[in-house]
>>> print(open('model-v3.csv').read())   # CSV, C-alpha atoms and all ligand atoms
chain,number,residue,atom,x,y,z
A,1,MET,CA,38.0,-7.0,-37.3
A,2,SER,CA,36.3,-3.9,-38.5
A,3,GLN,CA,37.9,-0.6,-37.8
A,4,ASN,CA,34.6,0.9,-36.9
A,5,ARG,CA,33.6,1.2,-33.3
A,6,SER,CA,30.0,1.8,-32.3
A,7,GLU,CA,29.3,3.2,-28.9
A,8,ILE,CA,26.7,1.3,-26.9
A,9,SER,CA,25.7,4.6,-25.3
A,10,GLN,CA,24.3,5.6,-28.7
A,11,LEU,CA,21.7,2.8,-28.4
A,12,GLY,CA,20.9,2.9,-24.7
A,13,GLU,CA,19.8,-0.1,-22.7
A,14,PHE,CA,16.6,-0.8,-24.6
A,15,GLY,CA,18.2,-0.2,-28.0
A,16,LEU,CA,20.9,-2.6,-27.1
A,17,ILE,CA,18.4,-5.3,-26.0
A,18,ASP,CA,16.5,-4.8,-29.3
A,19,HIS,CA,19.8,-5.1,-31.2
A,20,ILE,CA,20.8,-8.2,-29.4
A,21,SER,CA,17.4,-10.0,-29.8
A,22,LYS,CA,16.9,-9.3,-33.5
A,23,PRO,CA,18.7,-12.5,-34.8
A,24,PHE,CA,17.0,-14.8,-32.3
A,25,HIS,CA,13.7,-16.5,-33.2
A,26,PRO,CA,12.3,-19.2,-31.0
A,27,VAL,CA,12.4,-22.7,-32.5
A,28,ASN,CA,10.7,-24.5,-29.6
A,29,ALA,CA,6.9,-24.7,-29.5
A,30,SER,CA,7.1,-24.4,-25.7
A,31,THR,CA,8.5,-20.9,-26.0
A,32,ILE,CA,5.3,-18.9,-25.8
A,33,LYS,CA,6.9,-15.4,-25.2
A,34,ALA,CA,10.7,-14.8,-25.5
A,35,ILE,CA,12.4,-11.5,-25.0
A,36,GLY,CA,10.4,-8.3,-24.5
A,37,ASP,CA,8.2,-8.7,-21.4
A,38,ASP,CA,8.9,-8.8,-17.6
A,39,ALA,CA,9.4,-12.6,-17.8
A,40,ALA,CA,9.6,-15.2,-20.6
A,41,VAL,CA,6.5,-17.4,-20.8
A,42,LEU,CA,7.1,-21.1,-21.3
A,43,ASP,CA,4.6,-23.9,-21.9
A,44,ALA,CA,4.9,-26.5,-19.1
A,45,GLY,CA,1.8,-28.6,-20.1
A,46,GLU,CA,-1.0,-27.8,-17.7
A,47,ALA,CA,0.3,-24.3,-16.9
A,48,PHE,CA,2.7,-21.7,-18.1
A,49,VAL,CA,6.0,-21.3,-16.4
A,50,LEU,CA,7.4,-17.7,-16.1
A,51,LEU,CA,11.2,-17.1,-16.1
A,52,SER,CA,13.0,-13.9,-15.4
A,53,THR,CA,16.5,-12.8,-14.3
A,54,ASP,CA,17.9,-9.6,-12.8
A,55,MET,CA,21.5,-8.7,-11.9
A,56,LEU,CA,22.7,-6.2,-9.3
A,57,VAL,CA,26.2,-4.8,-9.7
A,58,GLU,CA,28.2,-3.0,-7.0
A,59,GLY,CA,28.9,0.6,-8.0
A,60,ILE,CA,26.1,0.6,-10.5
A,61,HIS,CA,23.0,-0.6,-8.6
A,62,PHE,CA,24.2,-0.4,-5.0
A,63,ASP,CA,26.8,1.3,-2.8
A,64,LEU,CA,27.8,-0.8,0.2
A,65,SER,CA,28.8,2.3,2.1
A,66,TYR,CA,25.1,2.9,2.8
A,67,THR,CA,23.4,-0.3,1.9
A,68,PRO,CA,23.1,-2.9,4.7
A,69,ILE,CA,24.1,-6.1,2.9
A,70,GLN,CA,21.2,-8.1,4.2
A,71,HIS,CA,18.8,-5.6,2.6
A,72,LEU,CA,20.7,-6.1,-0.6
A,73,GLY,CA,19.9,-9.8,-0.5
A,74,TYR,CA,16.3,-9.0,0.2
A,75,LYS,CA,16.1,-6.5,-2.6
A,76,ALA,CA,17.7,-8.9,-5.2
A,77,VAL,CA,14.9,-11.4,-4.5
A,78,ALA,CA,12.1,-8.8,-4.3
A,79,VAL,CA,12.9,-7.3,-7.7
A,80,ASN,CA,12.8,-10.7,-9.3
A,81,VAL,CA,9.5,-11.6,-7.6
A,82,SER,CA,8.1,-8.3,-8.9
A,83,ASP,CA,8.8,-9.3,-12.5
A,84,ILE,CA,6.8,-12.5,-12.0
A,85,ALA,CA,4.0,-10.5,-10.4
A,86,ALA,CA,4.1,-8.1,-13.4
A,87,MET,CA,3.0,-11.1,-15.5
A,88,ASN,CA,0.1,-11.7,-13.0
A,89,GLY,CA,2.0,-14.8,-11.8
A,90,LYS,CA,3.3,-16.3,-8.6
A,91,ALA,CA,7.0,-16.8,-8.0
A,92,GLU,CA,8.0,-20.3,-6.8
A,93,GLN,CA,11.7,-20.9,-7.2
A,94,ILE,CA,14.9,-18.8,-7.4
A,95,THR,CA,18.6,-19.4,-8.2
A,96,VAL,CA,21.2,-17.1,-6.9
A,97,SER,CA,24.6,-16.5,-8.6
A,98,LEU,CA,27.3,-14.5,-6.8
A,99,ALA,CA,30.7,-13.1,-7.9
A,100,LEU,CA,32.7,-12.2,-4.8
A,101,SER,CA,36.1,-10.7,-4.1
A,102,ASN,CA,38.2,-11.3,-1.0
A,103,ARG,CA,36.9,-8.0,0.3
A,104,PHE,CA,33.9,-10.0,1.5
A,105,SER,CA,34.0,-12.0,4.7
A,106,LEU,CA,31.9,-15.1,5.6
A,107,GLU,CA,29.9,-12.8,7.9
A,108,ALA,CA,29.1,-10.5,5.0
A,109,VAL,CA,28.0,-13.5,2.9
A,110,ASP,CA,25.9,-14.8,5.8
A,111,ALA,CA,24.2,-11.4,6.1
A,112,LEU,CA,23.5,-11.3,2.4
A,113,TYR,CA,21.9,-14.8,2.7
A,114,GLN,CA,19.9,-13.7,5.8
A,115,GLY,CA,18.3,-11.1,3.5
A,116,ILE,CA,17.7,-13.7,0.7
A,117,LYS,CA,16.2,-16.1,3.3
A,118,SER,CA,13.9,-13.5,4.7
A,119,ALA,CA,12.6,-12.6,1.2
A,120,CYS,CA,12.2,-16.4,0.4
A,121,ASP,CA,10.1,-16.8,3.6
A,122,ASN,CA,8.1,-13.7,2.9
A,123,TYR,CA,7.3,-14.4,-0.8
A,124,LYS,CA,7.2,-18.2,-0.2
A,125,VAL,CA,9.8,-19.0,-2.8
A,126,ASP,CA,12.4,-21.8,-2.7
A,127,LEU,CA,16.1,-21.3,-3.3
A,128,VAL,CA,17.0,-24.2,-5.6
A,129,GLY,CA,20.5,-23.4,-6.9
A,130,GLY,CA,22.9,-20.9,-8.2
A,131,ASP,CA,26.6,-20.4,-8.9
A,132,THR,CA,29.5,-19.0,-6.9
A,133,THR,CA,32.6,-17.4,-8.4
A,134,SER,CA,35.3,-14.8,-7.6
A,135,SER,CA,35.5,-11.3,-8.8
A,136,VAL,CA,38.4,-8.9,-9.0
A,137,SER,CA,36.8,-6.2,-6.8
A,138,GLY,CA,33.0,-5.7,-6.6
A,139,LEU,CA,30.0,-7.8,-5.7
A,140,ILE,CA,27.6,-9.0,-8.4
A,141,ILE,CA,24.4,-10.8,-7.6
A,142,SER,CA,22.3,-12.3,-10.3
A,143,ILE,CA,19.0,-14.0,-9.5
A,144,SER,CA,16.7,-16.0,-11.7
A,145,VAL,CA,13.2,-16.7,-10.8
A,146,LEU,CA,10.6,-19.2,-11.9
A,147,GLY,CA,6.9,-18.6,-11.6
A,148,ARG,CA,3.8,-20.3,-12.6
A,149,ILE,CA,0.5,-19.2,-13.9
A,150,ALA,CA,-2.7,-20.6,-15.4
A,151,LYS,CA,-2.6,-20.3,-19.2
A,152,ASP,CA,-5.5,-17.9,-19.5
A,153,LYS,CA,-4.2,-15.6,-16.8
A,154,VAL,CA,-1.0,-14.2,-18.2
A,155,ALA,CA,-0.8,-10.4,-18.4
A,156,TYR,CA,1.5,-9.3,-21.2
A,157,ARG,CA,2.7,-5.7,-21.8
A,158,SER,CA,1.0,-6.0,-25.2
A,159,GLY,CA,-2.7,-6.3,-24.1
A,160,ALA,CA,-3.7,-2.6,-23.5
A,161,ARG,CA,-6.6,-1.5,-25.6
A,162,SER,CA,-8.2,1.8,-26.4
A,163,ALA,CA,-10.4,3.1,-23.4
A,164,ASP,CA,-8.8,0.8,-20.9
A,165,ILE,CA,-8.2,2.4,-17.5
A,166,ILE,CA,-4.5,2.9,-16.5
A,167,CYS,CA,-3.8,1.9,-12.9
A,168,VAL,CA,-0.8,2.1,-10.7
A,169,THR,CA,-0.3,0.8,-7.2
A,170,GLY,CA,1.1,2.4,-4.0
A,171,ASP,CA,3.1,5.6,-4.5
A,172,LEU,CA,5.9,6.7,-6.9
A,173,GLY,CA,9.2,8.5,-6.6
A,174,ALA,CA,9.9,7.5,-3.0
A,175,ALA,CA,12.8,5.1,-3.8
A,176,PHE,CA,14.4,7.8,-6.0
A,177,MET,CA,14.2,10.4,-3.2
A,178,GLY,CA,15.5,7.7,-0.8
A,179,LEU,CA,18.6,7.4,-3.0
A,180,GLN,CA,19.1,11.2,-3.1
A,181,VAL,CA,18.9,11.3,0.7
A,182,LEU,CA,21.4,8.5,1.1
A,183,ALA,CA,23.8,10.1,-1.4
A,184,ARG,CA,23.6,13.4,0.4
A,185,GLU,CA,24.3,11.8,3.8
A,186,LYS,CA,27.2,9.9,2.3
A,187,GLU,CA,28.7,13.3,1.1
A,188,VAL,CA,28.1,14.8,4.6
A,189,PHE,CA,29.8,11.8,6.2
A,190,LEU,CA,32.8,11.9,3.9
A,191,THR,CA,33.5,15.6,4.5
A,192,ASN,CA,32.8,15.3,8.3
A,193,PRO,CA,32.9,11.8,9.7
A,194,GLU,CA,31.9,13.1,13.2
A,195,MET,CA,28.4,13.9,11.8
A,196,GLN,CA,25.8,11.3,12.4
A,197,PRO,CA,23.7,10.5,9.4
A,198,GLY,CA,20.4,12.3,9.5
A,199,LEU,CA,18.3,9.6,8.0
A,200,GLU,CA,15.5,9.2,10.5
A,201,PRO,CA,13.0,11.8,9.2
A,202,TYR,CA,13.4,10.1,5.7
A,203,GLU,CA,12.9,6.5,6.9
A,204,TYR,CA,10.1,5.7,4.5
A,205,LEU,CA,12.1,6.9,1.5
A,206,VAL,CA,15.3,5.2,2.5
A,207,SER,CA,13.4,1.9,3.1
A,208,ARG,CA,11.7,2.1,-0.3
A,209,GLN,CA,15.2,2.4,-1.8
A,210,LEU,CA,17.0,-0.2,0.3
A,211,LYS,CA,14.3,-2.7,0.9
A,212,PRO,CA,11.6,-2.6,-1.8
A,213,GLU,CA,8.7,-5.0,-1.7
A,214,ALA,CA,7.1,-6.8,-4.7
A,215,ARG,CA,3.4,-6.1,-4.8
A,216,THR,CA,2.3,-9.8,-4.8
A,217,GLU,CA,-0.8,-9.0,-2.8
A,218,ILE,CA,-2.2,-6.9,-5.6
A,219,ILE,CA,-2.2,-10.0,-7.9
A,220,PHE,CA,-4.2,-11.8,-5.2
A,221,ASP,CA,-6.6,-8.9,-4.7
A,222,LEU,CA,-7.3,-8.5,-8.4
A,223,GLU,CA,-8.0,-12.2,-8.8
A,224,GLU,CA,-10.3,-12.1,-5.8
A,225,ALA,CA,-12.1,-9.0,-7.3
A,226,GLY,CA,-12.5,-11.0,-10.5
A,227,VAL,CA,-10.4,-8.5,-12.5
A,228,MET,CA,-8.0,-9.6,-15.2
A,229,PRO,CA,-5.5,-6.9,-16.1
A,230,THR,CA,-5.4,-6.4,-19.9
A,231,ALA,CA,-1.7,-5.5,-19.7
A,232,MET,CA,0.8,-5.2,-16.9
A,233,ILE,CA,4.4,-4.2,-16.2
A,234,ASP,CA,6.3,-3.4,-13.0
A,235,VAL,CA,7.8,0.1,-12.4
A,236,SER,CA,11.5,-0.5,-12.3
A,237,ASP,CA,12.7,2.3,-14.6
A,238,GLY,CA,10.1,4.9,-13.8
A,239,LEU,CA,6.4,5.4,-14.7
A,240,ALA,CA,7.0,7.3,-17.9
A,241,SER,CA,9.5,4.6,-19.2
A,242,GLU,CA,7.1,1.8,-18.3
A,243,LEU,CA,4.1,3.6,-20.0
A,244,PHE,CA,6.3,3.8,-23.2
A,245,HIS,CA,6.9,0.0,-23.0
A,246,LEU,CA,3.1,-0.6,-22.6
A,247,CYS,CA,2.4,1.7,-25.5
A,248,LYS,CA,5.0,0.3,-27.8
A,249,GLN,CA,4.0,-3.3,-27.2
A,250,SER,CA,0.3,-2.7,-27.3
A,251,GLY,CA,0.3,-0.3,-30.2
A,252,VAL,CA,-1.6,2.4,-28.3
A,253,GLY,CA,-1.2,5.8,-26.7
A,254,VAL,CA,-1.9,7.0,-23.2
A,255,ARG,CA,-3.4,10.1,-21.5
A,256,ILE,CA,-2.6,10.4,-17.8
A,257,PHE,CA,-3.5,13.1,-15.3
A,258,GLU,CA,-0.9,14.8,-13.2
A,259,ASP,CA,-3.2,15.2,-10.2
A,260,LYS,CA,-3.9,11.4,-10.2
A,261,ILE,CA,-0.2,10.4,-9.9
A,262,PRO,CA,0.2,9.0,-6.4
A,263,ILE,CA,3.0,10.7,-4.5
A,264,ASP,CA,3.6,10.3,-0.8
A,265,GLN,CA,3.6,13.5,1.2
A,266,LEU,CA,7.2,12.9,2.4
A,267,THR,CA,8.4,12.2,-1.2
A,268,PHE,CA,6.8,15.5,-2.2
A,269,GLU,CA,8.3,17.5,0.6
A,270,THR,CA,11.8,16.0,0.2
A,271,ALA,CA,11.8,16.6,-3.5
A,272,VAL,CA,11.0,20.3,-2.9
A,273,GLU,CA,13.8,20.3,-0.3
A,274,PHE,CA,16.2,19.0,-2.9
A,275,LYS,CA,14.9,21.5,-5.4
A,276,LEU,CA,13.5,18.7,-7.6
A,277,ASP,CA,10.1,18.6,-9.2
A,278,PRO,CA,8.1,15.9,-7.4
A,279,ILE,CA,6.2,15.0,-10.6
A,280,THR,CA,9.4,14.5,-12.5
A,281,CYS,CA,10.7,12.3,-9.6
A,282,ALA,CA,7.5,10.2,-9.8
A,283,LEU,CA,7.6,10.0,-13.6
A,284,ASN,CA,11.3,9.2,-14.0
A,285,GLY,CA,12.7,8.2,-10.6
A,286,GLY,CA,12.4,4.4,-10.9
A,287,GLU,CA,12.9,1.5,-8.6
A,288,ASP,CA,9.4,1.8,-7.2
A,289,TYR,CA,8.5,-1.8,-7.9
A,290,GLU,CA,4.9,-0.8,-8.0
A,291,LEU,CA,2.6,-2.5,-10.6
A,292,LEU,CA,1.4,-0.5,-13.6
A,293,PHE,CA,-1.6,-2.2,-15.3
A,294,THR,CA,-4.6,-1.5,-17.5
A,295,VAL,CA,-8.1,-2.8,-17.0
A,296,LYS,CA,-11.3,-2.7,-19.0
A,297,GLN,CA,-13.7,0.2,-18.3
A,298,GLU,CA,-16.3,-2.3,-17.0
A,299,ASP,CA,-13.9,-3.3,-14.1
A,300,HIS,CA,-13.9,0.2,-12.7
A,301,GLU,CA,-16.5,-0.7,-10.0
A,302,ARG,CA,-14.5,-3.7,-8.9
A,303,ILE,CA,-11.3,-1.9,-8.1
A,304,LYS,CA,-12.4,1.7,-7.2
A,305,LYS,CA,-12.4,1.0,-3.5
A,306,HIS,CA,-9.0,-0.6,-3.3
A,307,PRO,CA,-6.9,1.7,-1.2
A,308,ASP,CA,-3.7,0.9,-3.0
A,309,ILE,CA,-4.8,1.0,-6.6
A,310,HIS,CA,-4.9,4.5,-8.3
A,311,MET,CA,-6.5,5.2,-11.6
A,312,ILE,CA,-4.2,7.7,-13.4
A,313,GLY,CA,-5.6,7.9,-16.9
A,314,TYR,CA,-6.7,5.9,-19.9
A,315,VAL,CA,-5.5,4.3,-23.1
A,316,HIS,CA,-6.3,5.7,-26.5
A,317,GLU,CA,-5.7,4.5,-30.0
A,318,ARG,CA,-3.4,7.3,-31.3
A,319,LYS,CA,-0.1,5.6,-30.6
A,320,ASP,CA,2.0,8.7,-31.2
A,321,GLU,CA,0.2,10.5,-28.4
A,322,LYS,CA,1.6,9.8,-24.9
A,323,ILE,CA,0.6,12.8,-22.9
A,324,MET,CA,0.0,14.1,-19.4
A,325,ILE,CA,-2.7,16.7,-18.6
A,326,THR,CA,-1.2,19.0,-15.9
A,327,LYS,CA,-3.0,20.4,-12.9
A,328,GLN,CA,-3.5,23.6,-14.8
A,329,GLY,CA,-5.0,21.7,-17.7
A,330,ASN,CA,-2.0,22.0,-20.0
A,331,VAL,CA,-1.0,19.1,-22.2
A,332,VAL,CA,2.6,17.9,-22.0
A,333,ALA,CA,4.3,15.1,-24.0
A,334,LEU,CA,5.6,12.3,-21.7
A,335,LYS,CA,9.3,11.6,-22.0
A,336,ALA,CA,10.7,8.2,-21.1
A,337,GLN,CA,13.9,9.2,-19.4
A,338,GLY,CA,14.0,6.2,-17.0
A,339,TRP,CA,17.2,4.8,-15.6
A,340,ASP,CA,19.8,4.4,-18.2
A,341,HIS,CA,23.1,3.2,-16.8
A,342,PHE,CA,24.8,3.4,-20.2
A,343,ARG,CA,24.1,7.1,-20.3
A,344,ASP,CA,24.6,7.8,-16.6
A,345,ALA,CA,28.1,6.3,-16.6
B,1,LIG,P1,12.8,-5.6,-16.6
B,1,LIG,O1,13.0,-4.2,-16.4
B,1,LIG,O2,11.3,-6.0,-16.5
B,1,LIG,O3,13.6,-6.5,-15.7
B,1,LIG,P2,14.4,-5.5,-18.8
B,1,LIG,O4,14.2,-4.1,-19.3
B,1,LIG,O5,15.6,-5.8,-18.0
B,1,LIG,O6,13.1,-6.0,-18.1
B,1,LIG,O7,14.5,-6.5,-20.1
B,1,LIG,C1,13.5,-6.4,-21.1
B,1,LIG,C2,13.5,-7.7,-21.9
B,1,LIG,O8,14.8,-7.9,-22.5
B,1,LIG,C3,13.3,-8.9,-21.0
B,1,LIG,O9,12.6,-9.9,-21.8
B,1,LIG,C4,14.7,-9.5,-20.8
B,1,LIG,O10,14.7,-10.8,-20.5
B,1,LIG,C5,15.4,-9.1,-22.1
B,1,LIG,N1,16.9,-9.0,-21.9
B,1,LIG,C6,17.5,-8.0,-21.2
B,1,LIG,N2,18.9,-8.1,-21.4
B,1,LIG,C7,19.1,-9.1,-22.3
B,1,LIG,C8,20.2,-9.7,-22.8
B,1,LIG,N3,21.5,-9.3,-22.5
B,1,LIG,N4,20.0,-10.8,-23.7
B,1,LIG,C9,18.8,-11.2,-24.0
B,1,LIG,N5,17.7,-10.7,-23.5
B,1,LIG,C10,17.8,-9.7,-22.6
B,2,MG,MG,9.9,-5.6,-15.0
>>> encode(input="model-v3.csv", output="structure tokens")
Amino acid sequence: MSQNRSEISQLGEFGLIDHISKPFHPVNASTIKAIGDDAAVLDAGEAFVLLSTDMLVEGIHFDLSYTPIQHLGYKAVAVNVSDIAAMNGKAEQITVSLALSNRFSLEAVDALYQGIKSACDNYKVDLVGGDTTSSVSGLIISISVLGRIAKDKVAYRSGARSADIICVTGDLGAAFMGLQVLAREKEVFLTNPEMQPGLEPYEYLVSRQLKPEARTEIIFDLEEAGVMPTAMIDVSDGLASELFHLCKQSGVGVRIFEDKIPIDQLTFETAVEFKLDPITCALNGGEDYELLFTVKQEDHERIKKHPDIHMIGYVHERKDEKIMITKQGNVVALKAQGWDHFRDA
């Protein structure tokens, strides 16, 4: 073995994925899209099948001291369904793999599966398998999801073209602020267990963190409006990071406008209370599970009345230019901070 030791933290999560994937080249004609998008795209004859997987690890992605375990089950399914939505597809089946220690009772597992069941009912997906094993201490949940889509309807990260309009759904930064609130209340509780957690005023933020929803209805609305997104990705790591993915895969640049970025009033006020910049929270917070997509200029009319779709900027051909125009009219370069567990740790 070589004496050299290279730190993974030097690469970061995305650098590591690039590094891992380099030697792999699909050999099956049915592999339409391998690594690099929200889901793999596989030829299943009449339609394409979409396949994605996401893992949640205790201590990294969740803290059971403030996460109701049934919400965790729900979230683990929702984030997978979101990746299928991000391809413009419909999730149909999941498998659930668990690593459990003896810290967990049957009641805890039942609660976890109540959440999984509730998400399966809500998103109309079937639980079709999984794996169960033991772990030394923490809980690990890994879910894989299968979806289906008509062959001419797949929205890749790579389809954004110059002059396309950049759209994002819902509002951004709320899940991140929810996490800040939960972490603060945990600290308060640890120093003074008599104190009741003061979460009520922040309910919207906390629910966005603990029980996010996949924006499946947007896929339906776009189809009904006759709009085919040119590119799409879901916002798991933060708007800026996802814009960088779209730019890299599409070979384009972006120009977004600060005053168009949708931020809920409570997110804004709570960020100020925490002495954080609300825009930074919206750009880099992550875990919003909103959809970020681009559409052709000519589709503007078809989506402009949708209450949950916000047009935040446009695509341009200079791929080295990823900028935001501030409220004052200044130009700032976007930075893709995102969530990077390898650097956080
Ligand atoms: P998302 O945030 O949409 O879940 P990721 O950033 O996790 O996507 O992953 C990006 C791409 O890299 C996906 O195609 C995913 O399947 C692939 N990927 C992630 N980790 C690995 C790994 N360890 N081995 C192979 N492919 C991976
Ligand atoms: Mg994704």
>>> closest_residue(input="model-v3.csv", among="A:Asp164, A:Glu107, A:Glu301, A:Glu287", to="ligand MG 2 (chain B)", atoms="only C-alpha atoms and all ligand atoms")
A:Glu287
>>> atom_distance(input="model-v3.csv", atom1="CA of Glu321 (chain A)", atom2="CA of Ala240 (chain A)")
12.9 Å
>>> residues_near_point(input="model-v3.csv", point="(15.4, -4.1, -28.0)", cutoff="12 Å", atoms="only C-alpha atoms", output="MDAnalysis selection string")
chainID A and resid 11:24 34:37 245 248:249
>>> write_last_selection(input="model-v3.csv", atoms="C-alpha atoms", output="mmCIF file, in the coordinates of the input")
data_model
loop_
_atom_site.group_PDB
_atom_site.id
_atom_site.type_symbol
_atom_site.label_atom_id
_atom_site.label_comp_id
_atom_site.auth_asym_id
_atom_site.auth_seq_id
_atom_site.Cartn_x
_atom_site.Cartn_y
_atom_site.Cartn_z
ATOM 1 C CA LEU A 11 21.700 2.800 -28.400
ATOM 2 C CA GLY A 12 20.900 2.900 -24.700
ATOM 3 C CA GLU A 13 19.800 -0.100 -22.700
ATOM 4 C CA PHE A 14 16.600 -0.800 -24.600
ATOM 5 C CA GLY A 15 18.200 -0.200 -28.000
ATOM 6 C CA LEU A 16 20.900 -2.600 -27.100
ATOM 7 C CA ILE A 17 18.400 -5.300 -26.000
ATOM 8 C CA ASP A 18 16.500 -4.800 -29.300
ATOM 9 C CA HIS A 19 19.800 -5.100 -31.200
ATOM 10 C CA ILE A 20 20.800 -8.200 -29.400
ATOM 11 C CA SER A 21 17.400 -10.000 -29.800
ATOM 12 C CA LYS A 22 16.900 -9.300 -33.500
ATOM 13 C CA PRO A 23 18.700 -12.500 -34.800
ATOM 14 C CA PHE A 24 17.000 -14.800 -32.300
ATOM 15 C CA ALA A 34 10.700 -14.800 -25.500
ATOM 16 C CA ILE A 35 12.400 -11.500 -25.000
ATOM 17 C CA GLY A 36 10.400 -8.300 -24.500
ATOM 18 C CA ASP A 37 8.200 -8.700 -21.400
ATOM 19 C CA HIS A 245 6.900 0.000 -23.000
ATOM 20 C CA LYS A 248 5.000 0.300 -27.800
ATOM 21 C CA GLN A 249 4.000 -3.300 -27.200
#
>>> atom_distance(input="model-v3.csv", atom1="CA of Tyr204 (chain A)", atom2="CA of Asp288 (chain A)")
12.4 Å
>>> closest_residue(input="model-v3.csv", among="A:Glu46, A:Asp83, A:Asp63, A:Glu223", to="ligand LIG 1 (chain B)", atoms="only C-alpha atoms and all ligand atoms")
A:Asp83
>>> closest_residue(input="model-v3.csv", among="A:Ile233, A:Ala155, A:Leu112, A:Ile218", to="ligand LIG 1 (chain B)", atoms="only C-alpha atoms and all ligand atoms")
A:Ile233
>>> residues_near_point(input="model-v3.csv", point="(22.6, -15.2, -12.3)", cutoff="10 Å", atoms="only C-alpha atoms", output="mmCIF file with C-alpha atoms, in the frame of the given file")
data_model
loop_
_atom_site.group_PDB
_atom_site.id
_atom_site.type_symbol
_atom_site.label_atom_id
_atom_site.label_comp_id
_atom_site.auth_asym_id
_atom_site.auth_seq_id
_atom_site.Cartn_x
_atom_site.Cartn_y
_atom_site.Cartn_z
ATOM 1 C CA THR A 53 16.500 -12.800 -14.300
ATOM 2 C CA ASP A 54 17.900 -9.600 -12.800
ATOM 3 C CA MET A 55 21.500 -8.700 -11.900
ATOM 4 C CA LEU A 56 22.700 -6.200 -9.300
ATOM 5 C CA ILE A 94 14.900 -18.800 -7.400
ATOM 6 C CA THR A 95 18.600 -19.400 -8.200
ATOM 7 C CA VAL A 96 21.200 -17.100 -6.900
ATOM 8 C CA SER A 97 24.600 -16.500 -8.600
ATOM 9 C CA LEU A 98 27.300 -14.500 -6.800
ATOM 10 C CA ALA A 99 30.700 -13.100 -7.900
ATOM 11 C CA GLY A 130 22.900 -20.900 -8.200
ATOM 12 C CA ASP A 131 26.600 -20.400 -8.900
ATOM 13 C CA THR A 132 29.500 -19.000 -6.900
ATOM 14 C CA ILE A 140 27.600 -9.000 -8.400
ATOM 15 C CA ILE A 141 24.400 -10.800 -7.600
ATOM 16 C CA SER A 142 22.300 -12.300 -10.300
ATOM 17 C CA ILE A 143 19.000 -14.000 -9.500
ATOM 18 C CA SER A 144 16.700 -16.000 -11.700
ATOM 19 C CA VAL A 145 13.200 -16.700 -10.800
#
>>> residues_around(input="model-v3.csv", residues="Ile149 (chain A)", least_positions_apart="5", cutoff="7 Å", atoms="all atoms listed in the file", output="list of chain:residue names")
A:Ala47, A:Phe48, A:Val49, A:Gly89, A:Lys90, A:Val154
>>> decode(input="model-v3.csv", residues="region 195-232 of chain A", atoms="C-alpha atoms", output="CSV table (one decimal), in the first residue's frame")
chain,number,residue,atom,x,y,z
A,195,MET,CA,-37.4,25.2,30.1
A,196,GLN,CA,-40.1,24.2,27.6
A,197,PRO,CA,-39.0,24.4,24.0
A,198,GLY,CA,-40.2,27.6,22.4
A,199,LEU,CA,-40.9,26.2,19.0
A,200,GLU,CA,-44.4,27.3,18.4
A,201,PRO,CA,-43.7,30.7,16.7
A,202,TYR,CA,-41.4,28.9,14.4
A,203,GLU,CA,-43.7,26.0,13.4
A,204,TYR,CA,-43.5,26.6,9.7
A,205,LEU,CA,-39.7,26.6,9.7
A,206,VAL,CA,-39.5,23.5,12.0
A,207,SER,CA,-41.9,21.6,9.8
A,208,ARG,CA,-39.9,22.5,6.6
A,209,GLN,CA,-36.9,20.9,8.3
A,210,LEU,CA,-38.5,17.9,9.9
A,211,LYS,CA,-41.2,17.0,7.4
A,212,PRO,CA,-40.3,18.3,4.0
A,213,GLU,CA,-42.6,17.6,1.0
A,214,ALA,CA,-41.6,16.7,-2.5
A,215,ARG,CA,-43.2,19.1,-5.0
A,216,THR,CA,-44.9,16.4,-7.1
A,217,GLU,CA,-47.9,18.6,-7.9
A,218,ILE,CA,-45.6,21.0,-9.8
A,219,ILE,CA,-44.8,18.2,-12.3
A,220,PHE,CA,-48.5,17.7,-12.8
A,221,ASP,CA,-49.2,21.5,-13.1
A,222,LEU,CA,-46.4,22.0,-15.7
A,223,GLU,CA,-47.7,19.1,-17.8
A,224,GLU,CA,-51.2,20.5,-17.6
A,225,ALA,CA,-49.9,23.9,-18.7
A,226,GLY,CA,-48.1,22.3,-21.6
A,227,VAL,CA,-44.7,23.3,-20.3
A,228,MET,CA,-41.7,21.0,-20.7
A,229,PRO,CA,-38.8,22.2,-18.4
A,230,THR,CA,-35.6,22.4,-20.4
A,231,ALA,CA,-33.6,21.4,-17.3
A,232,MET,CA,-34.5,20.6,-13.7
